[in-house]
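Encoded as structure tokens, the structure appears first; notes follow it.
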Amino acid sequence: MTSHQRWTLCTEHTSYTVRLSPDGPWAELDAWGPRGVEEGPSALDWSRRTHFVTPVDAAPAEYLPYGLRPFTGSELVVARPGRERGVWWDFAGAEEGEGSLRLAFTDDVLSLRTVLCYETVPGTDVILRWTELTSTEELRLERLDSAAVNIPVTGPARLTYLAGQWSQEFQRHQLDLARGTFTMGSLQGAPGHAYAPWLAVQDGDAEAAYGIALEWPGNWHITAEAEPGGTVRVRAGRVPHEGAVVLAPGKTLTTPRLACAFSPDGLDGLSRVWHRYERHLTGERIHRPRKVLYNSWEATGFDVDAAGQRELAKVAADIGAELFVVDDGWFTGRADDTGGLGDWYPDPAAFPQGFGPFVEAIRALGLDFGLWVEPEAVSPTSRLYAEHPEWVYRIDGRPTRLIRNQLLLDLGRTDVQDFVIGTLDRLLTEHAVSYLKWDMNRPPTERGRPAAGPAERLDLDAEHVAGYLRVLDHLRSAHPHVTVEGCAGGGGRIEHATLARTDVVWPSDNTAPLDRLSIQYGFLHAHAPHVMSSWVTDAPGIFDTRPRSLAFRFVNAMCGVLGIGADLRAWTSGQRAEASRWIARYKEVREVIHQGDVQLLGTPKDTTFGVQYDDPKAGRTVVAALSTGHLDGAPLVPGRPARLRLRGLATEARYRDAVSGSTYSGAHLLHYGLPFAWRIDHDAELVVLIRQ
């Protein structure tokens, strides 16, 4: 609906209103929040009195170029070669569609047309935003953000973000930003382990939460600025490796999409908005069960041979696994991490009877079969590198640096893409492979492409992203039955472009129980449980070394997509029997876990923490409860059980524990909570409640 140059986009429960500013040729945010929030004076309205800055510097603008907005940060910096920077545009019209909006601005001097694009996502509270740039002459784009997001605050803004490092990804952090700038990002050719391209903003302790997430598996940044007058302005976008991008005459450059979300129910409610959006991205594949996986890496490492793998597979099948994945070490030249990458053929010494018969032997156990690959990597000692040294990133006259004893293929080249596609097609058609784990274990370093023309005219980061997505799109169309797992040394490449094309992702290489609990807690703020691959292993703690039971490891891993990675040959018969029971229970509830509404019950710092999954239609609630406190000496006087308060239940309804038969009112579970008598030999439970 348009009224006096004002447009409102509606999602399932929210509305987003943009207006053309009365003070100049730019778009401003008028209102964003629950449906109807636009009916009244804008909370982002400003006095139009400015000192030492221009009115546009103070405006809650949706997107502005340097030139119009000279002082307080712009989303677009453009120059003609050899000329001054700056864009001064005029409004050129709006196009409205069903759930979409396009606002055009033109600079006749630069022959530049900038279109701000908006699109609602059906069935969610997410609005996608991006920008399209077109010119009839060559321009140099020194900054090309996707969008800016304005959030009114009455005091310091509460920022929640996910940060960490390898083996400690997705740690939830918070800071209060009263004034100044907060920025995060990656120059590693992927989102990286240090920060996730995701941010939540609240008005101090206020419950309502605003969120953004950038859909881009390359270099990126998110910058939040607390501005004078009570506004936080968040800019987000890609960061070109070369520092600028050349916009060729007649070409259109489209920025990555920025997903924008709102919830009145705080961070927990915001997480459910993101979960629903990621189920939308998954599409019909959401209805395909994520099978219980066994991965052989922690049992055998590089020491892969048919006999050992078959022995592991037999035990995995006996305890109820549905899928067997052979990890690194299955291909020629891969005795350790110094060779083999790029030569993707099964090692005949490891499979003396042939790889085909080996795969069929695994499948005869009732297991699907999967393989680990690292398609972007190449070993300097490989046959592939000997034949195509020009395929790796390199700079003439400079040494090529090894990380993890490997180099990185330039996936922006179409011949490299064709090689990767051909390799994966061969593996997936010659053998009955139904699961593919795609790993990436090194960032680009000497990022150049000799003989490709002037370096400043290249856009290597975007070309690598396009190549990566082209291969994934091919896998989805040519091999729709194959389950694809995304991995980058753990959680180094997890964002919406990858999630839309994969089935699960690997949040971290750290599988220690309490360490993993903290990782998964942060992960579930931004991402859905049906994409969160999690294994039960024997790994000791790295950051939190307190021991936990096998039950704890299973309940923790069951919070997402269950896998096992321990050496099952070393487990006792009692451990195998316990594992079999947990796997059977998981299969009964995985649909609720993967598609239900999620409530995070406390934090891992609480002595009792839980994750609640609700399926209102089926009347089932699943609660994964975990004791994170000290267990020695428990229970202490007076010996009352720990309580875990649930959320979102109907107060008047009654809920029956499917195992114990105990019955609770919804009011009791909300007010007092579920009771748990933790002991050193009992530190986790999975409770299934049936609404009566």
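Ordering of the structure tokens sets the chain letters (A, B, ...); residue numbers start at 1 within each chain; ligands are numbered from 1 in the order shown.
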
Which residues come within 8 Å of Thr511 (chain A), counting only C-alpha atoms, excluding same-chain residues fewer than 2 positions away, as a ChimeraX atom specification?
/A:508-509,513,515-516,534-537,539

What does the file look like for those residues with C-alpha atoms, as a short mmCIF file (atom, residue, chain, number, x, y, z; two decimals), in the first residue's frame?
```
data_model
loop_
_atom_site.label_atom_id
_atom_site.label_comp_id
_atom_site.auth_asym_id
_atom_site.auth_seq_id
_atom_site.Cartn_x
_atom_site.Cartn_y
_atom_site.Cartn_z
CA SER A 508 32.78 -27.40 15.25
CA ASP A 509 35.49 -30.03 15.34
CA PRO A 513 30.57 -32.68 26.00
CA ASP A 515 32.54 -27.55 25.24
CA ARG A 516 30.04 -28.71 22.64
CA SER A 534 26.43 -33.32 16.36
CA TRP A 535 28.39 -36.42 17.29
CA VAL A 536 28.82 -38.61 20.31
CA THR A 537 32.55 -39.23 20.79
CA ALA A 539 36.76 -36.67 23.20
#
```

Which one of A:Pro289, A:Gly356, A:Pro604, A:Gly560 sits closest to Thr483 (chain A) if you count only C-alpha atoms?
A:Pro289

Distance criterion (only C-alpha atoms): nearest to Ala213 (chain A) out of A:Gly354, A:Pro55, A:Pro191, A:Gly230
A:Pro191

Compare A:Glu298, A:Asp606, A:Asp343, A:Glu75 by their minimum atom-to-atom distance to Arg383 (chain A), counting only C-alpha atoms, and give me the closest one.
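When distances to Arg383 (chain A) are compared using only C-alpha atoms, the smallest one comes from A:Asp343.
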
Residues near Gly155 (chain A), cut-off 9 Å, only C-alpha atoms, skip fewer than 4 positions along chain, as a list in words:
Leu177, Ala178, Asp203, Gly204 and Gly230 of chain A

Near-Thr338 (chain A) list (10 Å; only C-alpha atoms; drop same-chain fewer than 4 positions) as a PyMOL selection string:
chain A and resi 333-334+378-382+404-406

Could you pull the residues within 9 Å of region 210-212 of chain A, counting only C-alpha atoms, minus those fewer than 2 positions along the same chain, as a ChimeraX atom specification?
/A:33,149,151,197-202,208,214,234,236,258-264,266-267,270,274

So that I have them on file, write out the residues from the current selection with N, CA and C atoms, as a short mmCIF file (atom, residue, chain, number, x, y, z; two decimals), in the first residue's frame.
```
data_model
loop_
_atom_site.label_atom_id
_atom_site.label_comp_id
_atom_site.auth_asym_id
_atom_site.auth_seq_id
_atom_site.Cartn_x
_atom_site.Cartn_y
_atom_site.Cartn_z
N GLY A 33 8.33 -3.50 13.38
CA GLY A 33 7.96 -4.20 14.59
C GLY A 33 6.71 -5.02 14.37
N VAL A 149 20.39 -1.03 8.46
CA VAL A 149 19.24 -1.31 9.30
C VAL A 149 19.27 -0.32 10.47
N ILE A 151 17.65 1.02 14.12
CA ILE A 151 16.90 0.53 15.28
C ILE A 151 16.89 1.63 16.33
N PRO A 197 28.27 -14.30 10.64
CA PRO A 197 27.64 -13.13 10.02
C PRO A 197 26.19 -12.96 10.46
N TRP A 198 26.03 -12.70 11.74
CA TRP A 198 24.74 -12.67 12.41
C TRP A 198 24.83 -11.70 13.57
N LEU A 199 23.79 -10.90 13.78
CA LEU A 199 23.80 -9.93 14.88
C LEU A 199 22.38 -9.71 15.36
N ALA A 200 22.20 -9.58 16.67
CA ALA A 200 20.92 -9.22 17.27
C ALA A 200 21.09 -7.92 18.03
N VAL A 201 20.06 -7.09 17.98
CA VAL A 201 20.10 -5.77 18.63
C VAL A 201 18.83 -5.62 19.45
N GLN A 202 19.01 -5.17 20.70
CA GLN A 202 17.88 -4.86 21.58
C GLN A 202 18.07 -3.48 22.19
N ALA A 208 11.97 -6.91 23.06
CA ALA A 208 11.95 -7.00 21.61
C ALA A 208 13.36 -7.11 21.05
N LEU A 214 23.78 -12.12 7.16
CA LEU A 214 24.24 -11.89 5.79
C LEU A 214 24.42 -13.21 5.06
N VAL A 234 23.00 -0.29 11.57
CA VAL A 234 23.83 -1.46 11.26
C VAL A 234 24.00 -1.55 9.76
N ALA A 236 25.89 -3.83 6.61
CA ALA A 236 26.43 -5.16 6.38
C ALA A 236 26.64 -5.38 4.89
N LEU A 258 20.62 -9.59 2.60
CA LEU A 258 20.66 -9.42 4.05
C LEU A 258 19.28 -9.78 4.59
N ALA A 259 19.22 -10.81 5.43
CA ALA A 259 17.96 -11.21 6.04
C ALA A 259 17.76 -10.40 7.31
N CYS A 260 16.57 -9.79 7.45
CA CYS A 260 16.24 -8.94 8.58
C CYS A 260 15.05 -9.55 9.30
N ALA A 261 15.13 -9.67 10.63
CA ALA A 261 14.10 -10.36 11.40
C ALA A 261 13.77 -9.56 12.65
N PHE A 262 12.53 -9.73 13.12
CA PHE A 262 12.09 -9.10 14.36
C PHE A 262 11.27 -10.08 15.16
N SER A 263 11.41 -10.02 16.50
CA SER A 263 10.55 -10.79 17.39
C SER A 263 10.27 -9.96 18.64
N PRO A 264 9.02 -9.94 19.10
CA PRO A 264 8.73 -9.27 20.38
C PRO A 264 9.12 -10.11 21.58
N GLY A 266 12.10 -11.50 22.48
CA GLY A 266 13.50 -11.56 22.85
C GLY A 266 14.33 -12.44 21.96
N LEU A 267 15.53 -12.78 22.45
CA LEU A 267 16.46 -13.58 21.66
C LEU A 267 15.91 -14.97 21.40
N LEU A 270 13.48 -14.59 18.67
CA LEU A 270 14.22 -14.32 17.43
C LEU A 270 14.82 -15.59 16.87
N TRP A 274 14.48 -17.32 13.03
CA TRP A 274 15.55 -17.82 12.16
C TRP A 274 15.35 -19.30 11.85
#
```

For region 662-676 of chain A, list every protein, DNA or RNA residue within 9 Å, evaluated using only C-alpha atoms, and leave out those in the same chain fewer than 4 positions away; present the list as a list of chain:residue names.
A:Thr608, A:Ala625, A:Ser627, A:Arg640, A:Pro641, A:Ala642, A:Arg643, A:Leu644, A:Arg645, A:Leu646, A:Arg647, A:Gly648, A:Leu649, A:Ala650, A:Thr651, A:Glu652, A:Ala653, A:Arg654, A:Tyr655, A:Arg656, A:Asp657, A:Ala658, A:Ala684, A:Glu685, A:Leu689

Just-selected residues, C-alpha atoms written as a PDB file, in the first residue's frame:
```pdb
ATOM      1  CA  THR A 608      20.693 -27.249  34.903  1.00  0.00           C
ATOM      2  CA  ALA A 625      17.879 -31.649  30.145  1.00  0.00           C
ATOM      3  CA  SER A 627      23.342 -31.021  34.401  1.00  0.00           C
ATOM      4  CA  ARG A 640      15.383 -31.194  46.630  1.00  0.00           C
ATOM      5  CA  PRO A 641      15.622 -32.023  42.915  1.00  0.00           C
ATOM      6  CA  ALA A 642      16.772 -29.443  40.424  1.00  0.00           C
ATOM      7  CA  ARG A 643      13.967 -27.805  38.460  1.00  0.00           C
ATOM      8  CA  LEU A 644      13.876 -26.775  34.821  1.00  0.00           C
ATOM      9  CA  ARG A 645      11.074 -24.315  34.048  1.00  0.00           C
ATOM     10  CA  LEU A 646       9.494 -24.920  30.649  1.00  0.00           C
ATOM     11  CA  ARG A 647       8.050 -22.267  28.360  1.00  0.00           C
ATOM     12  CA  GLY A 648       5.191 -21.770  25.941  1.00  0.00           C
ATOM     13  CA  LEU A 649       2.870 -24.453  27.351  1.00  0.00           C
ATOM     14  CA  ALA A 650      -0.853 -24.076  27.925  1.00  0.00           C
ATOM     15  CA  THR A 651      -1.399 -23.411  31.635  1.00  0.00           C
ATOM     16  CA  GLU A 652      -4.705 -25.268  31.779  1.00  0.00           C
ATOM     17  CA  ALA A 653      -3.523 -28.340  29.863  1.00  0.00           C
ATOM     18  CA  ARG A 654      -2.104 -31.515  31.418  1.00  0.00           C
ATOM     19  CA  TYR A 655       1.113 -33.156  30.239  1.00  0.00           C
ATOM     20  CA  ARG A 656       2.107 -36.794  30.793  1.00  0.00           C
ATOM     21  CA  ASP A 657       5.708 -38.025  30.887  1.00  0.00           C
ATOM     22  CA  ALA A 658       5.781 -40.775  28.249  1.00  0.00           C
ATOM     23  CA  ALA A 684      21.194 -35.951  31.572  1.00  0.00           C
ATOM     24  CA  GLU A 685      17.644 -36.890  30.647  1.00  0.00           C
ATOM     25  CA  LEU A 689       5.642 -34.953  27.365  1.00  0.00           C
TER      26      LEU A 689
END
```

Contact residues around region 567-571 of chain A with only C-alpha atoms at 12 Å, ignoring same-chain residues under 4 positions, as a PDB file with N, CA and C atoms, in the first residue's frame:
```
ATOM      1  N   TYR A 294      27.227 -42.613  11.423  1.00  0.00           N
ATOM      2  CA  TYR A 294      28.500 -42.985  12.037  1.00  0.00           C
ATOM      3  C   TYR A 294      29.616 -42.520  11.117  1.00  0.00           C
ATOM      4  N   ASN A 295      30.589 -41.785  11.674  1.00  0.00           N
ATOM      5  CA  ASN A 295      31.743 -41.302  10.920  1.00  0.00           C
ATOM      6  C   ASN A 295      32.997 -41.918  11.518  1.00  0.00           C
ATOM      7  N   SER A 296      33.868 -42.416  10.656  1.00  0.00           N
ATOM      8  CA  SER A 296      35.001 -43.221  11.105  1.00  0.00           C
ATOM      9  C   SER A 296      36.245 -42.423  11.481  1.00  0.00           C
ATOM     10  N   TRP A 297      36.224 -41.079  11.351  1.00  0.00           N
ATOM     11  CA  TRP A 297      37.465 -40.310  11.495  1.00  0.00           C
ATOM     12  C   TRP A 297      38.112 -40.502  12.863  1.00  0.00           C
ATOM     13  N   GLU A 298      37.367 -40.352  13.934  1.00  0.00           N
ATOM     14  CA  GLU A 298      37.993 -40.405  15.253  1.00  0.00           C
ATOM     15  C   GLU A 298      38.443 -41.815  15.614  1.00  0.00           C
ATOM     16  N   ALA A 299      37.906 -42.806  14.933  1.00  0.00           N
ATOM     17  CA  ALA A 299      38.323 -44.185  15.198  1.00  0.00           C
ATOM     18  C   ALA A 299      39.588 -44.558  14.445  1.00  0.00           C
ATOM     19  N   THR A 300      39.712 -44.100  13.193  1.00  0.00           N
ATOM     20  CA  THR A 300      40.815 -44.587  12.359  1.00  0.00           C
ATOM     21  C   THR A 300      41.726 -43.490  11.825  1.00  0.00           C
ATOM     22  N   GLY A 301      41.296 -42.224  11.843  1.00  0.00           N
ATOM     23  CA  GLY A 301      42.123 -41.180  11.249  1.00  0.00           C
ATOM     24  C   GLY A 301      42.428 -41.511   9.796  1.00  0.00           C
ATOM     25  N   GLY A 308      39.027 -52.697   8.476  1.00  0.00           N
ATOM     26  CA  GLY A 308      38.741 -51.891   9.656  1.00  0.00           C
ATOM     27  C   GLY A 308      37.442 -51.121   9.538  1.00  0.00           C
ATOM     28  N   GLN A 309      37.173 -50.592   8.354  1.00  0.00           N
ATOM     29  CA  GLN A 309      35.935 -49.849   8.152  1.00  0.00           C
ATOM     30  C   GLN A 309      34.718 -50.769   8.235  1.00  0.00           C
ATOM     31  N   ARG A 310      34.831 -51.962   7.691  1.00  0.00           N
ATOM     32  CA  ARG A 310      33.708 -52.900   7.754  1.00  0.00           C
ATOM     33  C   ARG A 310      33.441 -53.329   9.194  1.00  0.00           C
ATOM     34  N   GLU A 311      34.495 -53.486   9.973  1.00  0.00           N
ATOM     35  CA  GLU A 311      34.326 -53.847  11.383  1.00  0.00           C
ATOM     36  C   GLU A 311      33.564 -52.749  12.128  1.00  0.00           C
ATOM     37  N   LEU A 312      33.954 -51.500  11.884  1.00  0.00           N
ATOM     38  CA  LEU A 312      33.254 -50.375  12.506  1.00  0.00           C
ATOM     39  C   LEU A 312      31.804 -50.305  12.034  1.00  0.00           C
ATOM     40  N   ALA A 313      31.596 -50.507  10.747  1.00  0.00           N
ATOM     41  CA  ALA A 313      30.250 -50.425  10.193  1.00  0.00           C
ATOM     42  C   ALA A 313      29.327 -51.476  10.806  1.00  0.00           C
ATOM     43  N   LYS A 314      29.856 -52.673  11.033  1.00  0.00           N
ATOM     44  CA  LYS A 314      29.032 -53.736  11.632  1.00  0.00           C
ATOM     45  C   LYS A 314      28.556 -53.327  13.023  1.00  0.00           C
ATOM     46  N   VAL A 315      29.445 -52.768  13.825  1.00  0.00           N
ATOM     47  CA  VAL A 315      29.054 -52.349  15.172  1.00  0.00           C
ATOM     48  C   VAL A 315      28.077 -51.186  15.088  1.00  0.00           C
ATOM     49  N   ALA A 316      28.343 -50.250  14.170  1.00  0.00           N
ATOM     50  CA  ALA A 316      27.448 -49.098  14.006  1.00  0.00           C
ATOM     51  C   ALA A 316      26.046 -49.549  13.628  1.00  0.00           C
ATOM     52  N   ALA A 317      25.953 -50.507  12.716  1.00  0.00           N
ATOM     53  CA  ALA A 317      24.638 -51.018  12.325  1.00  0.00           C
ATOM     54  C   ALA A 317      23.951 -51.709  13.496  1.00  0.00           C
ATOM     55  N   ASP A 318      24.719 -52.432  14.296  1.00  0.00           N
ATOM     56  CA  ASP A 318      24.143 -53.161  15.423  1.00  0.00           C
ATOM     57  C   ASP A 318      23.516 -52.236  16.455  1.00  0.00           C
ATOM     58  N   ILE A 319      24.075 -51.045  16.623  1.00  0.00           N
ATOM     59  CA  ILE A 319      23.521 -50.145  17.643  1.00  0.00           C
ATOM     60  C   ILE A 319      22.438 -49.224  17.072  1.00  0.00           C
ATOM     61  N   ALA A 321      22.712 -47.244  13.945  1.00  0.00           N
ATOM     62  CA  ALA A 321      23.078 -46.216  12.967  1.00  0.00           C
ATOM     63  C   ALA A 321      22.462 -46.557  11.614  1.00  0.00           C
ATOM     64  N   VAL A 536      28.401 -38.026  19.046  1.00  0.00           N
ATOM     65  CA  VAL A 536      28.825 -38.609  20.314  1.00  0.00           C
ATOM     66  C   VAL A 536      30.218 -39.192  20.104  1.00  0.00           C
ATOM     67  N   THR A 537      31.183 -38.715  20.876  1.00  0.00           N
ATOM     68  CA  THR A 537      32.547 -39.230  20.787  1.00  0.00           C
ATOM     69  C   THR A 537      33.079 -39.462  22.198  1.00  0.00           C
ATOM     70  N   ASP A 538      34.319 -39.880  22.263  1.00  0.00           N
ATOM     71  CA  ASP A 538      35.000 -40.043  23.551  1.00  0.00           C
ATOM     72  C   ASP A 538      35.929 -38.868  23.841  1.00  0.00           C
ATOM     73  N   ALA A 539      35.818 -37.786  23.080  1.00  0.00           N
ATOM     74  CA  ALA A 539      36.758 -36.672  23.202  1.00  0.00           C
ATOM     75  C   ALA A 539      36.709 -36.060  24.597  1.00  0.00           C
ATOM     76  N   LEU A 550      28.077 -40.972  29.210  1.00  0.00           N
ATOM     77  CA  LEU A 550      27.672 -41.281  27.838  1.00  0.00           C
ATOM     78  C   LEU A 550      26.258 -40.766  27.592  1.00  0.00           C
ATOM     79  N   GLN A 575      28.132 -50.218  27.071  1.00  0.00           N
ATOM     80  CA  GLN A 575      28.078 -48.925  26.376  1.00  0.00           C
ATOM     81  C   GLN A 575      27.332 -49.052  25.052  1.00  0.00           C
ATOM     82  N   ARG A 576      27.568 -50.126  24.337  1.00  0.00           N
ATOM     83  CA  ARG A 576      26.867 -50.317  23.064  1.00  0.00           C
ATOM     84  C   ARG A 576      25.370 -50.484  23.287  1.00  0.00           C
ATOM     85  N   ALA A 577      25.008 -51.205  24.321  1.00  0.00           N
ATOM     86  CA  ALA A 577      23.578 -51.394  24.610  1.00  0.00           C
ATOM     87  C   ALA A 577      22.934 -50.057  24.984  1.00  0.00           C
ATOM     88  N   GLU A 578      23.635 -49.254  25.786  1.00  0.00           N
ATOM     89  CA  GLU A 578      23.103 -47.938  26.149  1.00  0.00           C
ATOM     90  C   GLU A 578      22.967 -47.062  24.904  1.00  0.00           C
ATOM     91  N   ALA A 579      23.974 -47.086  24.031  1.00  0.00           N
ATOM     92  CA  ALA A 579      23.912 -46.306  22.790  1.00  0.00           C
ATOM     93  C   ALA A 579      22.717 -46.723  21.943  1.00  0.00           C
ATOM     94  N   SER A 580      22.468 -48.026  21.876  1.00  0.00           N
ATOM     95  CA  SER A 580      21.341 -48.531  21.090  1.00  0.00           C
ATOM     96  C   SER A 580      20.021 -47.984  21.623  1.00  0.00           C
TER      97      SER A 580
END
```

Interatomic distance (Å, one decimal) between CA of Gly563 (chain A) and CA of Val292 (chain A):
5.4 Å

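Put simply, CA of Glu137 (chain A) is 17.3 Å away from CA of Leu458 (chain A).
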
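For the choices A:Val433, A:Ala194, A:Leu116, A:Leu517, the atom-to-atom distance to Thr255 (chain A) is smallest for A:Leu116 when using only C-alpha atoms.
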
List every residue of region 15-254 of chain A that DSSP, applied to the backbone of this structure, assigns to alpha helix (DSSP H), and report them as a ChimeraX atom specification.
/A:55-58

Point-to-point distance in Å for CA of Glu132 (chain A) and CA of Thr254 (chain A)
4.6 Å

Proximity check region 530-567 of chain A to region 159-174 of chain A, 12 Å, nearest pairs one decimal Å, only C-alpha atoms, as CSV:
```
residue,atom,partner,partner_atom,distance
A:Gly541,CA,A:Ser167,CA,10.8
A:Ile542,CA,A:Ser167,CA,8.6
A:Phe543,CA,A:Gln168,CA,8.4
A:Asp544,CA,A:Gln168,CA,11.0
```

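Shortest atom-to-atom contact with Val622 (chain A) among A:Val505, A:Val688, A:Val471, A:Leu247: A:Val688, counting only C-alpha atoms.
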
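When only C-alpha atoms are used to measure the gap to Phe182 (chain A), the shortest distance among A:His221, A:Glu588, A:Ala451, A:Ile127 belongs to A:His221.
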